[in-house]
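Peer 1: Got a structure for you, data-v7.txt, holding compact mmCIF, C-alpha atoms.
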```txt
# COMPACT_ATOMS: atom_id res chain seq x y z
CA MET A 186 -6.40 55.61 9.12
CA GLU A 187 -5.60 51.95 8.55
CA GLU A 188 -3.06 52.76 5.82
CA LYS A 189 -1.39 55.37 8.02
CA ASN A 190 -0.80 52.77 10.74
CA ASN A 191 0.66 50.17 8.36
CA TRP A 192 4.18 51.46 8.93
CA LYS A 193 3.80 50.70 12.64
CA ALA A 194 2.94 47.08 11.88
CA TRP A 195 5.97 46.76 9.59
CA LEU A 196 8.12 48.40 12.25
CA TYR A 197 7.02 45.85 14.86
CA LEU A 198 7.60 43.00 12.40
CA ALA A 199 10.98 44.30 11.21
CA PRO A 200 13.18 42.55 13.84
CA VAL A 201 11.59 39.17 13.16
CA LEU A 202 11.67 39.65 9.37
CA ILE A 203 15.34 40.66 9.49
CA LEU A 204 16.28 37.64 11.61
CA MET A 205 14.30 35.30 9.35
CA ALA A 206 15.93 36.80 6.27
CA ILE A 207 19.42 36.27 7.73
CA PHE A 208 18.99 32.88 9.41
CA THR A 209 16.21 31.24 7.34
CA PHE A 210 15.65 32.61 3.85
CA PHE A 211 19.28 33.38 2.95
CA PRO A 212 20.58 29.93 4.04
CA LEU A 213 17.78 28.25 2.05
CA ILE A 214 18.55 30.19 -1.12
CA ASN A 215 22.31 29.85 -0.62
CA THR A 216 22.02 26.07 -0.15
CA PHE A 217 20.02 25.78 -3.37
CA VAL A 218 22.63 27.82 -5.27
CA ILE A 219 25.60 25.86 -3.84
CA SER A 220 23.98 22.56 -4.83
CA PHE A 221 24.48 23.52 -8.50
CA MET A 222 28.09 24.72 -8.16
CA LYS A 223 30.89 22.62 -9.61
CA ASP A 224 34.04 22.11 -7.50
CA TYR A 225 32.70 24.50 -4.87
CA ASN A 226 35.09 25.48 -2.09
CA ALA A 227 33.28 26.56 1.06
CA THR A 228 36.34 28.36 2.42
CA THR A 229 37.04 30.60 -0.55
CA GLY A 230 33.67 30.48 -2.32
CA ALA A 231 35.42 29.53 -5.58
CA ASN A 232 33.66 27.27 -8.06
CA SER A 233 33.92 26.10 -11.67
CA GLY A 234 30.43 27.04 -12.77
CA PHE A 235 27.02 25.42 -13.04
CA THR A 236 26.52 21.63 -12.91
CA PHE A 237 23.99 18.88 -12.17
CA ASP A 238 26.78 16.45 -11.23
CA ASN A 239 26.39 17.14 -7.51
CA TYR A 240 22.94 15.56 -7.59
CA GLY A 241 24.32 12.71 -9.67
CA VAL A 242 27.01 12.03 -7.07
CA VAL A 243 24.52 12.11 -4.18
CA LEU A 244 22.11 9.79 -6.00
CA GLY A 245 24.90 7.41 -6.98
CA LEU A 246 24.63 8.15 -10.72
CA THR A 247 27.90 10.05 -11.21
CA GLU A 248 31.43 9.11 -10.17
CA ARG A 249 32.31 10.58 -6.80
CA ILE A 250 35.80 11.60 -7.95
CA GLN A 251 36.46 12.11 -11.64
CA GLY A 252 38.25 9.14 -13.15
CA SER A 253 37.96 6.98 -10.01
CA GLY A 254 35.11 4.87 -11.29
CA VAL A 255 33.65 4.88 -7.75
CA LEU A 256 29.98 5.63 -7.13
CA ASP A 257 28.75 7.02 -3.83
CA THR A 258 25.94 4.68 -2.72
CA THR A 259 25.70 5.85 0.88
CA PHE A 260 22.78 8.22 0.17
CA VAL A 261 20.55 5.90 -1.83
CA ALA A 262 21.01 2.19 -2.50
CA TRP A 263 17.83 0.16 -2.81
CA GLY A 264 18.04 -3.31 -1.27
CA LYS A 265 20.64 -2.43 1.34
CA PRO A 266 21.05 0.13 4.17
CA SER A 267 21.61 3.69 2.97
CA ALA A 268 20.72 7.18 4.16
CA LEU A 269 17.47 7.45 2.19
CA THR A 270 16.26 3.88 2.72
CA ASN A 271 16.99 4.08 6.46
CA THR A 272 15.17 7.41 6.72
CA LEU A 273 12.14 6.10 4.81
CA LEU A 274 12.02 3.01 7.02
CA ILE A 275 12.26 5.08 10.20
CA THR A 276 9.57 7.46 8.94
CA PHE A 277 6.99 4.89 7.85
CA VAL A 278 7.49 2.71 10.92
CA THR A 279 7.76 5.21 13.76
CA VAL A 280 5.25 7.86 12.64
CA PRO A 281 2.11 5.67 12.27
CA ILE A 282 2.91 3.68 15.43
CA SER A 283 3.65 6.76 17.55
CA VAL A 284 0.54 8.63 16.33
CA VAL A 285 -1.79 5.67 16.99
CA LEU A 286 -0.20 4.95 20.38
CA ALA A 287 -0.36 8.61 21.43
CA LEU A 288 -4.01 8.84 20.39
CA PHE A 289 -4.88 5.64 22.28
CA ILE A 290 -3.05 6.75 25.45
CA SER A 291 -4.63 10.23 25.29
CA ILE A 292 -8.13 8.77 25.08
CA LEU A 293 -7.39 6.49 28.04
CA LEU A 294 -5.97 9.37 30.08
CA ASN A 295 -9.01 11.47 29.27
CA ASN A 296 -11.35 8.78 30.59
CA ILE A 297 -9.62 8.03 33.89
CA LYS A 298 -10.32 9.99 37.05
CA PHE A 299 -7.96 8.52 39.65
CA MET A 300 -4.44 10.05 39.57
CA LYS A 301 -5.07 11.54 36.13
CA SER A 302 -2.59 14.40 36.59
CA PHE A 303 0.05 11.97 37.87
CA PHE A 304 -0.17 9.76 34.77
CA GLN A 305 -0.15 12.79 32.47
CA THR A 306 3.05 13.96 34.14
CA ILE A 307 4.63 10.50 33.80
CA PHE A 308 3.89 10.34 30.07
CA PHE A 309 5.15 13.89 29.51
CA MET A 310 8.45 13.44 31.39
CA PRO A 311 10.48 12.08 28.40
CA TYR A 312 9.74 15.33 26.54
CA VAL A 313 11.64 17.43 29.10
CA THR A 314 14.44 14.88 29.52
CA ASN A 315 17.72 15.33 27.66
CA ILE A 316 17.65 13.18 24.53
CA ILE A 317 21.29 12.13 24.98
CA ALA A 318 20.55 10.97 28.53
CA VAL A 319 17.55 8.95 27.30
CA GLY A 320 19.77 7.44 24.59
CA MET A 321 22.35 6.39 27.17
CA VAL A 322 19.63 4.71 29.26
CA PHE A 323 18.33 2.84 26.19
CA ALA A 324 21.89 1.78 25.33
CA ILE A 325 22.27 0.30 28.81
CA ILE A 326 18.86 -1.42 28.71
CA PHE A 327 19.65 -3.03 25.35
CA SER A 328 23.29 -3.88 26.04
CA GLY A 329 24.41 -7.51 26.04
CA SER A 330 23.90 -7.78 29.79
CA GLY A 331 21.05 -5.28 29.89
CA VAL A 332 17.53 -5.50 31.32
CA PHE A 333 15.89 -6.41 27.99
CA ASN A 334 18.05 -9.49 27.49
CA LYS A 335 17.65 -10.49 31.15
CA ILE A 336 13.85 -10.32 31.01
CA PHE A 337 13.56 -12.43 27.85
CA GLY A 338 16.54 -14.68 28.51
CA LEU A 339 18.47 -13.50 25.45
CA THR A 340 22.14 -12.95 24.68
CA THR A 341 21.49 -10.75 21.64
CA SER A 342 23.73 -7.81 20.78
CA TRP A 343 21.43 -4.82 20.11
CA VAL A 344 23.41 -1.57 20.23
CA SER A 345 27.10 -2.50 20.34
CA PRO A 346 29.32 -1.97 17.26
CA GLY A 347 29.09 -5.73 16.57
CA SER A 348 25.29 -5.83 16.43
CA SER A 349 23.39 -6.43 13.20
CA TRP A 350 21.62 -3.70 11.25
CA GLY A 351 18.20 -5.22 12.00
CA ASN A 352 18.77 -5.33 15.75
CA SER A 353 20.11 -1.79 15.86
CA MET A 354 17.26 -0.49 13.71
CA PHE A 355 14.70 -2.17 15.98
CA VAL A 356 16.11 -0.38 19.05
CA LEU A 357 16.41 2.89 17.11
CA CYS A 358 12.75 2.81 16.04
CA LEU A 359 11.67 1.92 19.59
CA TYR A 360 13.75 4.81 20.93
CA ILE A 361 12.25 7.29 18.43
CA ILE A 362 8.69 6.18 19.23
CA TRP A 363 9.34 6.53 22.97
CA THR A 364 10.77 10.04 22.67
CA ALA A 365 8.04 11.14 20.22
CA LEU A 366 5.06 10.08 22.35
CA PRO A 367 4.97 12.86 25.02
CA TYR A 368 4.46 15.81 22.67
CA LYS A 369 1.79 13.96 20.67
CA ILE A 370 -0.03 12.97 23.87
CA LEU A 371 0.04 16.62 24.99
CA ILE A 372 -1.52 17.84 21.73
CA PHE A 373 -4.18 15.11 21.65
CA SER A 374 -5.02 15.65 25.33
CA SER A 375 -5.49 19.37 24.67
CA GLY A 376 -7.75 18.58 21.72
CA LEU A 377 -9.87 16.21 23.79
CA GLN A 378 -10.52 18.95 26.33
CA GLY A 379 -12.10 21.05 23.58
CA ILE A 380 -14.67 18.44 22.52
CA ASP A 381 -18.17 19.33 23.71
CA LYS A 382 -19.39 16.80 26.30
CA GLN A 383 -22.88 16.92 24.78
CA TYR A 384 -21.70 14.68 21.94
CA TYR A 385 -20.75 11.96 24.43
CA GLN A 386 -23.98 12.41 26.38
CA ALA A 387 -26.01 11.98 23.19
CA ALA A 388 -24.00 8.87 22.26
CA LYS A 389 -24.58 7.43 25.75
CA ILE A 390 -28.33 8.01 25.46
CA ASP A 391 -28.30 6.22 22.08
CA GLY A 392 -26.54 3.26 23.68
CA SER A 393 -23.34 3.65 21.64
CA SER A 394 -20.36 1.59 22.85
CA LYS A 395 -17.13 3.28 23.89
CA VAL A 396 -15.30 1.92 20.85
CA LYS A 397 -17.98 3.19 18.46
CA THR A 398 -18.03 6.56 20.24
CA ALA A 399 -14.26 6.84 19.84
CA PHE A 400 -14.38 6.13 16.09
CA LYS A 401 -17.53 8.15 15.34
CA ILE A 402 -17.05 11.16 17.63
CA THR A 403 -13.60 11.43 19.21
CA ILE A 404 -11.37 10.68 16.22
CA PRO A 405 -13.33 12.78 13.67
CA LEU A 406 -13.38 15.76 16.03
CA LEU A 407 -9.66 15.31 16.70
CA SER A 408 -8.84 15.16 12.97
CA PRO A 409 -7.29 18.69 12.89
CA GLN A 410 -4.88 17.70 15.66
CA ILE A 411 -4.21 14.35 13.98
CA LEU A 412 -3.37 16.15 10.73
CA TYR A 413 -1.05 18.57 12.51
CA ILE A 414 0.72 15.80 14.42
CA THR A 415 1.04 13.61 11.32
CA ILE A 416 2.57 16.37 9.17
CA THR A 417 5.01 17.54 11.84
CA SER A 418 5.91 13.93 12.69
CA PHE A 419 6.70 13.12 9.05
CA ILE A 420 8.86 16.23 8.79
CA GLY A 421 10.64 15.40 12.05
CA ALA A 422 11.22 11.76 11.05
CA PHE A 423 12.71 12.74 7.69
CA LYS A 424 15.14 15.00 9.60
CA GLU A 425 16.07 12.32 12.15
CA TYR A 426 19.64 12.59 13.39
CA ASN A 427 19.62 13.11 17.15
CA ALA A 428 18.34 9.60 17.81
CA VAL A 429 21.28 7.94 16.05
CA ILE A 430 23.76 10.11 17.94
CA GLY A 431 21.93 9.77 21.26
CA LEU A 432 21.66 6.00 21.06
CA PHE A 433 24.76 4.90 19.13
CA ASN A 434 27.06 7.93 18.79
CA ARG A 435 28.10 6.47 15.43
CA ASN A 436 26.71 5.65 11.98
CA TYR A 437 27.72 2.01 11.68
CA THR A 438 26.81 -1.37 13.22
CA SER A 439 28.69 -4.60 12.49
CA ASN A 440 31.11 -3.08 9.99
CA GLY A 441 32.94 0.08 11.01
CA ASN A 442 33.69 0.92 7.37
CA VAL A 443 30.05 0.82 6.23
CA PRO A 444 27.72 3.62 7.40
CA ASP A 445 24.66 1.36 7.63
CA LEU A 446 22.96 3.50 10.29
CA TYR A 447 23.04 6.59 8.10
CA THR A 448 20.06 8.93 7.90
CA VAL A 449 19.74 11.74 5.35
CA VAL A 450 20.66 14.44 7.87
CA PHE A 451 23.59 12.31 9.11
CA TYR A 452 24.76 12.09 5.49
CA ILE A 453 24.52 15.88 5.11
CA TYR A 454 26.43 16.41 8.36
CA ASP A 455 29.18 13.99 7.28
CA LYS A 456 29.60 15.74 3.92
CA ILE A 457 29.91 19.11 5.67
CA SER A 458 32.42 17.63 8.12
CA ALA A 459 34.43 16.06 5.28
CA GLY A 460 35.83 19.46 4.27
CA ALA A 461 35.22 22.53 2.17
CA SER A 462 35.32 20.53 -1.09
CA ARG A 463 32.32 18.37 -0.13
CA MET A 464 29.90 21.17 0.76
CA GLN A 465 28.13 21.05 -2.62
CA TYR A 466 27.15 17.41 -2.02
CA ALA A 467 25.70 18.30 1.38
CA ALA A 468 23.74 21.12 -0.25
CA ALA A 469 22.41 18.80 -2.97
CA ALA A 470 21.32 16.24 -0.38
CA ALA A 471 19.63 19.00 1.64
CA VAL A 472 17.67 20.16 -1.43
CA ILE A 473 16.60 16.57 -2.17
CA LEU A 474 15.42 16.21 1.43
CA PHE A 475 13.51 19.50 1.15
CA VAL A 476 11.75 18.33 -2.02
CA ILE A 477 10.82 14.97 -0.46
CA ILE A 478 9.38 16.62 2.67
CA MET A 479 7.48 19.17 0.57
CA LEU A 480 5.94 16.45 -1.65
CA PHE A 481 4.80 14.39 1.34
CA THR A 482 3.37 17.48 3.02
CA ILE A 483 1.43 18.43 -0.13
CA VAL A 484 0.01 14.90 -0.40
CA GLN A 485 -1.09 14.96 3.25
CA MET A 486 -2.68 18.38 2.84
CA GLN A 487 -4.64 17.17 -0.21
CA VAL A 488 -5.84 14.07 1.61
CA SER A 489 -6.84 16.16 4.63
CA LYS A 490 -9.35 18.18 2.58
CA LYS A 491 -11.68 15.15 2.56
CA LYS A 492 -10.77 13.59 5.90
CA VAL A 493 -10.36 16.53 8.32
CA HIS A 494 -13.43 18.02 10.05
CA TYR A 495 -13.13 21.56 11.41
```
Using structure tokens, write down the structure that the file contains.

Peer 2:
Amino acid sequence: MEEKNNWKAWLYLAPVLILMAIFTFFPLINTFVISFMKDYNATTGANSGFTFDNYGVVLGLTERIQGSGVLDTTFVAWGKPSALTNTLLITFVTVPISVVLALFISILLNNIKFMKSFFQTIFFMPYVTNIIAVGMVFAIIFSGSGVFNKIFGLTTSWVSPGSSWGNSMFVLCLYIIWTALPYKILIFSSGLQGIDKQYYQAAKIDGSSKVKTAFKITIPLLSPQILYITITSFIGAFKEYNAVIGLFNRNYTSNGNVPDLYTVVFYIYDKISAGASRMQYAAAAAVILFVIIMLFTIVQMQVSKKKVHY
């Protein structure tokens, strides 16, 4: 009877499978194929055969244009701002800080009684606010005559085209952390509601402090949610693009000819926008990004086998 009804299950799944095949699996495979095409033209589909040079150009190992002697160092250039170094910095600064902050705020919200729903709403509001609007507000706050400079008595340029890379990156990381907090707080708050109160009652009877209870009971029992948030946050940070557009609407700081606010996705977008003859470089960069994200996800999954309690 079960086998006879299998066709019904496949029939119900067919619309989703067809859409995924068209809009997910085919683009993934096509991107991988294009990344190995020489002189690929996105308009006509013409190419000169198989090559690894596209990856060489993206990684700054092969001349960007044959015979020019010019290397493209906007994707990766250790020791100075580039798409990959900026993305790595954003990822390893914003993800740990946002996860720890969200966990801390969630625990505090879970322990308060007065106006609990009000504070939960306040912390969740940035999640339903347009990211471009939030970026505009941050740009005003950190402008030369903005609130931040007024409070601390500074005249620093943070987000204008003349600001330094360090100042702009500081505001960018702050902006990403702020916009990332609401969703994390929501997930952690939901996880806290599922923890049996008997654990806390037993800890109270044993005279355990609130800090010890948090580290010995709350955090271990929230480890599945922490793993989920950490993995999705790393993936989201590696794909960061909206924050740069929302806050700066450009990819440069003090020098308009140097894309020192590049991220990997910004690099991919620029290569696509550059014309049909640059599509293979965008595809190669996308494949490199996919491999990096996959490797980090695998490492996190391996670590979680010993650290996550279900």

Peer 1: Of the residues A:Val285, A:Val218, A:Ser408, A:Pro200, which is the one nearest to A:Ala468, using all atoms listed in the file?

Peer 2: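 Closest residue, counting all atoms listed in the file: A:Val218.
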
Peer 1: If we count all atoms listed in the file and set the cut-off at 9 Å, which residues sit around stretch 358-372 of chain A, ignoring sequence neighbours fewer than 2 positions away in its own chain? Please answer as number ranges by chain.

Peer 2: A: 275, 278-280, 282-284, 286-291, 305, 308-312, 316, 319-320, 323, 353-356, 374-377, 410-411, 414, 418, 422, 425, 428, 432

Peer 1: Would you write out those residues with C-alpha atoms, as a PDB file, keeping the file's coordinate frame?

Peer 2:
```pdb
ATOM      1  CA  ILE A 275      12.260   5.080  10.200  1.00  0.00           C
ATOM      2  CA  VAL A 278       7.490   2.710  10.920  1.00  0.00           C
ATOM      3  CA  THR A 279       7.760   5.210  13.760  1.00  0.00           C
ATOM      4  CA  VAL A 280       5.250   7.860  12.640  1.00  0.00           C
ATOM      5  CA  ILE A 282       2.910   3.680  15.430  1.00  0.00           C
ATOM      6  CA  SER A 283       3.650   6.760  17.550  1.00  0.00           C
ATOM      7  CA  VAL A 284       0.540   8.630  16.330  1.00  0.00           C
ATOM      8  CA  LEU A 286      -0.200   4.950  20.380  1.00  0.00           C
ATOM      9  CA  ALA A 287      -0.360   8.610  21.430  1.00  0.00           C
ATOM     10  CA  LEU A 288      -4.010   8.840  20.390  1.00  0.00           C
ATOM     11  CA  PHE A 289      -4.880   5.640  22.280  1.00  0.00           C
ATOM     12  CA  ILE A 290      -3.050   6.750  25.450  1.00  0.00           C
ATOM     13  CA  SER A 291      -4.630  10.230  25.290  1.00  0.00           C
ATOM     14  CA  GLN A 305      -0.150  12.790  32.470  1.00  0.00           C
ATOM     15  CA  PHE A 308       3.890  10.340  30.070  1.00  0.00           C
ATOM     16  CA  PHE A 309       5.150  13.890  29.510  1.00  0.00           C
ATOM     17  CA  MET A 310       8.450  13.440  31.390  1.00  0.00           C
ATOM     18  CA  PRO A 311      10.480  12.080  28.400  1.00  0.00           C
ATOM     19  CA  TYR A 312       9.740  15.330  26.540  1.00  0.00           C
ATOM     20  CA  ILE A 316      17.650  13.180  24.530  1.00  0.00           C
ATOM     21  CA  VAL A 319      17.550   8.950  27.300  1.00  0.00           C
ATOM     22  CA  GLY A 320      19.770   7.440  24.590  1.00  0.00           C
ATOM     23  CA  PHE A 323      18.330   2.840  26.190  1.00  0.00           C
ATOM     24  CA  SER A 353      20.110  -1.790  15.860  1.00  0.00           C
ATOM     25  CA  MET A 354      17.260  -0.490  13.710  1.00  0.00           C
ATOM     26  CA  PHE A 355      14.700  -2.170  15.980  1.00  0.00           C
ATOM     27  CA  VAL A 356      16.110  -0.380  19.050  1.00  0.00           C
ATOM     28  CA  SER A 374      -5.020  15.650  25.330  1.00  0.00           C
ATOM     29  CA  SER A 375      -5.490  19.370  24.670  1.00  0.00           C
ATOM     30  CA  GLY A 376      -7.750  18.580  21.720  1.00  0.00           C
ATOM     31  CA  LEU A 377      -9.870  16.210  23.790  1.00  0.00           C
ATOM     32  CA  GLN A 410      -4.880  17.700  15.660  1.00  0.00           C
ATOM     33  CA  ILE A 411      -4.210  14.350  13.980  1.00  0.00           C
ATOM     34  CA  ILE A 414       0.720  15.800  14.420  1.00  0.00           C
ATOM     35  CA  SER A 418       5.910  13.930  12.690  1.00  0.00           C
ATOM     36  CA  ALA A 422      11.220  11.760  11.050  1.00  0.00           C
ATOM     37  CA  GLU A 425      16.070  12.320  12.150  1.00  0.00           C
ATOM     38  CA  ALA A 428      18.340   9.600  17.810  1.00  0.00           C
ATOM     39  CA  LEU A 432      21.660   6.000  21.060  1.00  0.00           C
TER      40      LEU A 432
END
```

Peer 1: Anything within 10 Å of (21.6, 0.4, 3.0): list those residues as a PDB file with C-alpha atoms, in the coordinates of the input, counting only C-alpha atoms and sticking to the file's coordinates.

Peer 2:
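The file below, part_37.pdb, is the result:
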```
ATOM      1  CA  THR A 258      25.940   4.680  -2.720  1.00  0.00           C
ATOM      2  CA  THR A 259      25.700   5.850   0.880  1.00  0.00           C
ATOM      3  CA  PHE A 260      22.780   8.220   0.170  1.00  0.00           C
ATOM      4  CA  VAL A 261      20.550   5.900  -1.830  1.00  0.00           C
ATOM      5  CA  ALA A 262      21.010   2.190  -2.500  1.00  0.00           C
ATOM      6  CA  TRP A 263      17.830   0.160  -2.810  1.00  0.00           C
ATOM      7  CA  GLY A 264      18.040  -3.310  -1.270  1.00  0.00           C
ATOM      8  CA  LYS A 265      20.640  -2.430   1.340  1.00  0.00           C
ATOM      9  CA  PRO A 266      21.050   0.130   4.170  1.00  0.00           C
ATOM     10  CA  SER A 267      21.610   3.690   2.970  1.00  0.00           C
ATOM     11  CA  ALA A 268      20.720   7.180   4.160  1.00  0.00           C
ATOM     12  CA  LEU A 269      17.470   7.450   2.190  1.00  0.00           C
ATOM     13  CA  THR A 270      16.260   3.880   2.720  1.00  0.00           C
ATOM     14  CA  ASN A 271      16.990   4.080   6.460  1.00  0.00           C
ATOM     15  CA  TRP A 350      21.620  -3.700  11.250  1.00  0.00           C
ATOM     16  CA  VAL A 443      30.050   0.820   6.230  1.00  0.00           C
ATOM     17  CA  PRO A 444      27.720   3.620   7.400  1.00  0.00           C
ATOM     18  CA  ASP A 445      24.660   1.360   7.630  1.00  0.00           C
ATOM     19  CA  LEU A 446      22.960   3.500  10.290  1.00  0.00           C
ATOM     20  CA  TYR A 447      23.040   6.590   8.100  1.00  0.00           C
ATOM     21  CA  THR A 448      20.060   8.930   7.900  1.00  0.00           C
TER      22      THR A 448
END
```

Peer 1: To one decimal place in Å, what is the distance between atom CA of A:Val449 and atom CA of A:Ala470?

Peer 2: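 Taking atom CA of A:Val449 and atom CA of A:Ala470, their separation equals 7.5 Å.
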
Peer 1: What's the separation between atom CA of A:Phe327 and atom CA of A:Phe433, in Å to one decimal place?

Peer 2: 11.3 Å

Peer 1: Here is a test: counting all atoms listed in the file, which residue of A:Ser393, A:Phe423, A:Lys193, A:Ile404 is nearest to A:Leu274?

Peer 2: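 Comparing A:Ser393, A:Phe423, A:Lys193, A:Ile404 against A:Leu274, the winner is A:Phe423.
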
Peer 1: Go through A:Phe299, A:Ser345, A:Trp192, A:Ser233 and flag the residue nearest A:Gly441, using only C-alpha atoms for the distances.

Peer 2: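 Residue with the minimum atom-to-atom distance to A:Gly441: A:Ser345.
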
Peer 1: Record the distance separating atom CA of A:Glu248 and atom CA of A:Ser220, expressed in Å with one decimal.

Peer 2: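 Computing the Euclidean distance for atom CA of A:Glu248 and atom CA of A:Ser220 yields 16.3 Å.
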
Peer 1: Using all atoms listed in the file, determine which residues lie at most 12 Å from A:Ile477, disregarding the query and same-chain residues fewer than 2 positions distant; provide the list as an mmCIF file with C-alpha atoms, in the coordinates of the input.

Peer 2:
```
data_model
loop_
_atom_site.group_PDB
_atom_site.id
_atom_site.type_symbol
_atom_site.label_atom_id
_atom_site.label_comp_id
_atom_site.auth_asym_id
_atom_site.auth_seq_id
_atom_site.Cartn_x
_atom_site.Cartn_y
_atom_site.Cartn_z
ATOM 1 C CA LEU A 269 17.470 7.450 2.190
ATOM 2 C CA THR A 272 15.170 7.410 6.720
ATOM 3 C CA LEU A 273 12.140 6.100 4.810
ATOM 4 C CA PHE A 419 6.700 13.120 9.050
ATOM 5 C CA ILE A 420 8.860 16.230 8.790
ATOM 6 C CA ALA A 422 11.220 11.760 11.050
ATOM 7 C CA PHE A 423 12.710 12.740 7.690
ATOM 8 C CA LYS A 424 15.140 15.000 9.600
ATOM 9 C CA VAL A 449 19.740 11.740 5.350
ATOM 10 C CA ALA A 470 21.320 16.240 -0.380
ATOM 11 C CA ALA A 471 19.630 19.000 1.640
ATOM 12 C CA VAL A 472 17.670 20.160 -1.430
ATOM 13 C CA ILE A 473 16.600 16.570 -2.170
ATOM 14 C CA LEU A 474 15.420 16.210 1.430
ATOM 15 C CA PHE A 475 13.510 19.500 1.150
ATOM 16 C CA MET A 479 7.480 19.170 0.570
ATOM 17 C CA LEU A 480 5.940 16.450 -1.650
ATOM 18 C CA PHE A 481 4.800 14.390 1.340
ATOM 19 C CA THR A 482 3.370 17.480 3.020
ATOM 20 C CA ILE A 483 1.430 18.430 -0.130
ATOM 21 C CA VAL A 484 0.010 14.900 -0.400
#
```

Peer 1: For a quick check of understanding, using all atoms listed in the file, which of A:Leu246, A:Ile453, A:Leu202, A:Ala324 has the smallest distance to A:Tyr466?

Peer 2: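 Checking each of A:Leu246, A:Ile453, A:Leu202, A:Ala324 against A:Tyr466, counting all atoms listed in the file, the winner is A:Ile453.
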
Peer 1: Choose the residue, out of A:Gly230, A:Gly347, A:Gly338, A:Pro405, that has the smallest atom-to-atom separation from A:Asn440; count only C-alpha atoms.

Peer 2: A:Gly347

Peer 1: Which residue is closest to A:Asn226? Choose from A:Asn296, A:Thr247, A:Thr417, A:Gln465 and count only C-alpha atoms.

Peer 2: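 Of all the options, A:Gln465 lies closest to A:Asn226.
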
Peer 1: Given 6 Å of margin on each side, can you work out the centre and size in Å (one decimal) of an axis-aligned box holding every listed atom of stretch 393-398 of chain A, as JSON?

Peer 2:
```
{"center_x": -19.3, "center_y": 4.1, "center_z": 21.2, "size_x": 20.0, "size_y": 17.0, "size_z": 17.4}
```

Peer 1: Starting from the incomplete input, reconstruct N, CA and C atoms of stretch 389-400 of chain A and write that as a tab-separated table (two decimals), in the frame of the given file.

Peer 2:
```
chain	number	residue	atom	x	y	z
A	389	LYS	N	-24.24	8.30	24.62
A	389	LYS	CA	-24.58	7.43	25.75
A	389	LYS	C	-26.07	7.15	25.78
A	390	ILE	N	-26.87	8.18	25.49
A	390	ILE	CA	-28.33	8.01	25.46
A	390	ILE	C	-28.73	7.03	24.35
A	391	ASP	N	-28.01	7.10	23.21
A	391	ASP	CA	-28.30	6.22	22.08
A	391	ASP	C	-27.76	4.81	22.28
A	392	GLY	N	-27.06	4.59	23.39
A	392	GLY	CA	-26.54	3.26	23.68
A	392	GLY	C	-25.30	2.91	22.88
A	393	SER	N	-24.56	3.91	22.43
A	393	SER	CA	-23.34	3.65	21.64
A	393	SER	C	-22.24	3.13	22.55
A	394	SER	N	-21.48	2.14	22.08
A	394	SER	CA	-20.36	1.59	22.85
A	394	SER	C	-19.21	2.59	22.87
A	395	LYS	N	-18.27	2.38	23.78
A	395	LYS	CA	-17.13	3.28	23.89
A	395	LYS	C	-16.25	3.24	22.64
A	396	VAL	N	-16.11	2.06	22.06
A	396	VAL	CA	-15.30	1.92	20.85
A	396	VAL	C	-15.95	2.68	19.69
A	397	LYS	N	-17.27	2.50	19.54
A	397	LYS	CA	-17.98	3.19	18.46
A	397	LYS	C	-17.96	4.70	18.67
A	398	THR	N	-18.08	5.13	19.93
A	398	THR	CA	-18.03	6.56	20.24
A	398	THR	C	-16.67	7.14	19.88
A	399	ALA	N	-15.61	6.37	20.16
A	399	ALA	CA	-14.26	6.84	19.84
A	399	ALA	C	-14.08	7.03	18.34
A	400	PHE	N	-14.58	6.08	17.55
A	400	PHE	CA	-14.38	6.13	16.09
A	400	PHE	C	-15.35	7.10	15.40
```
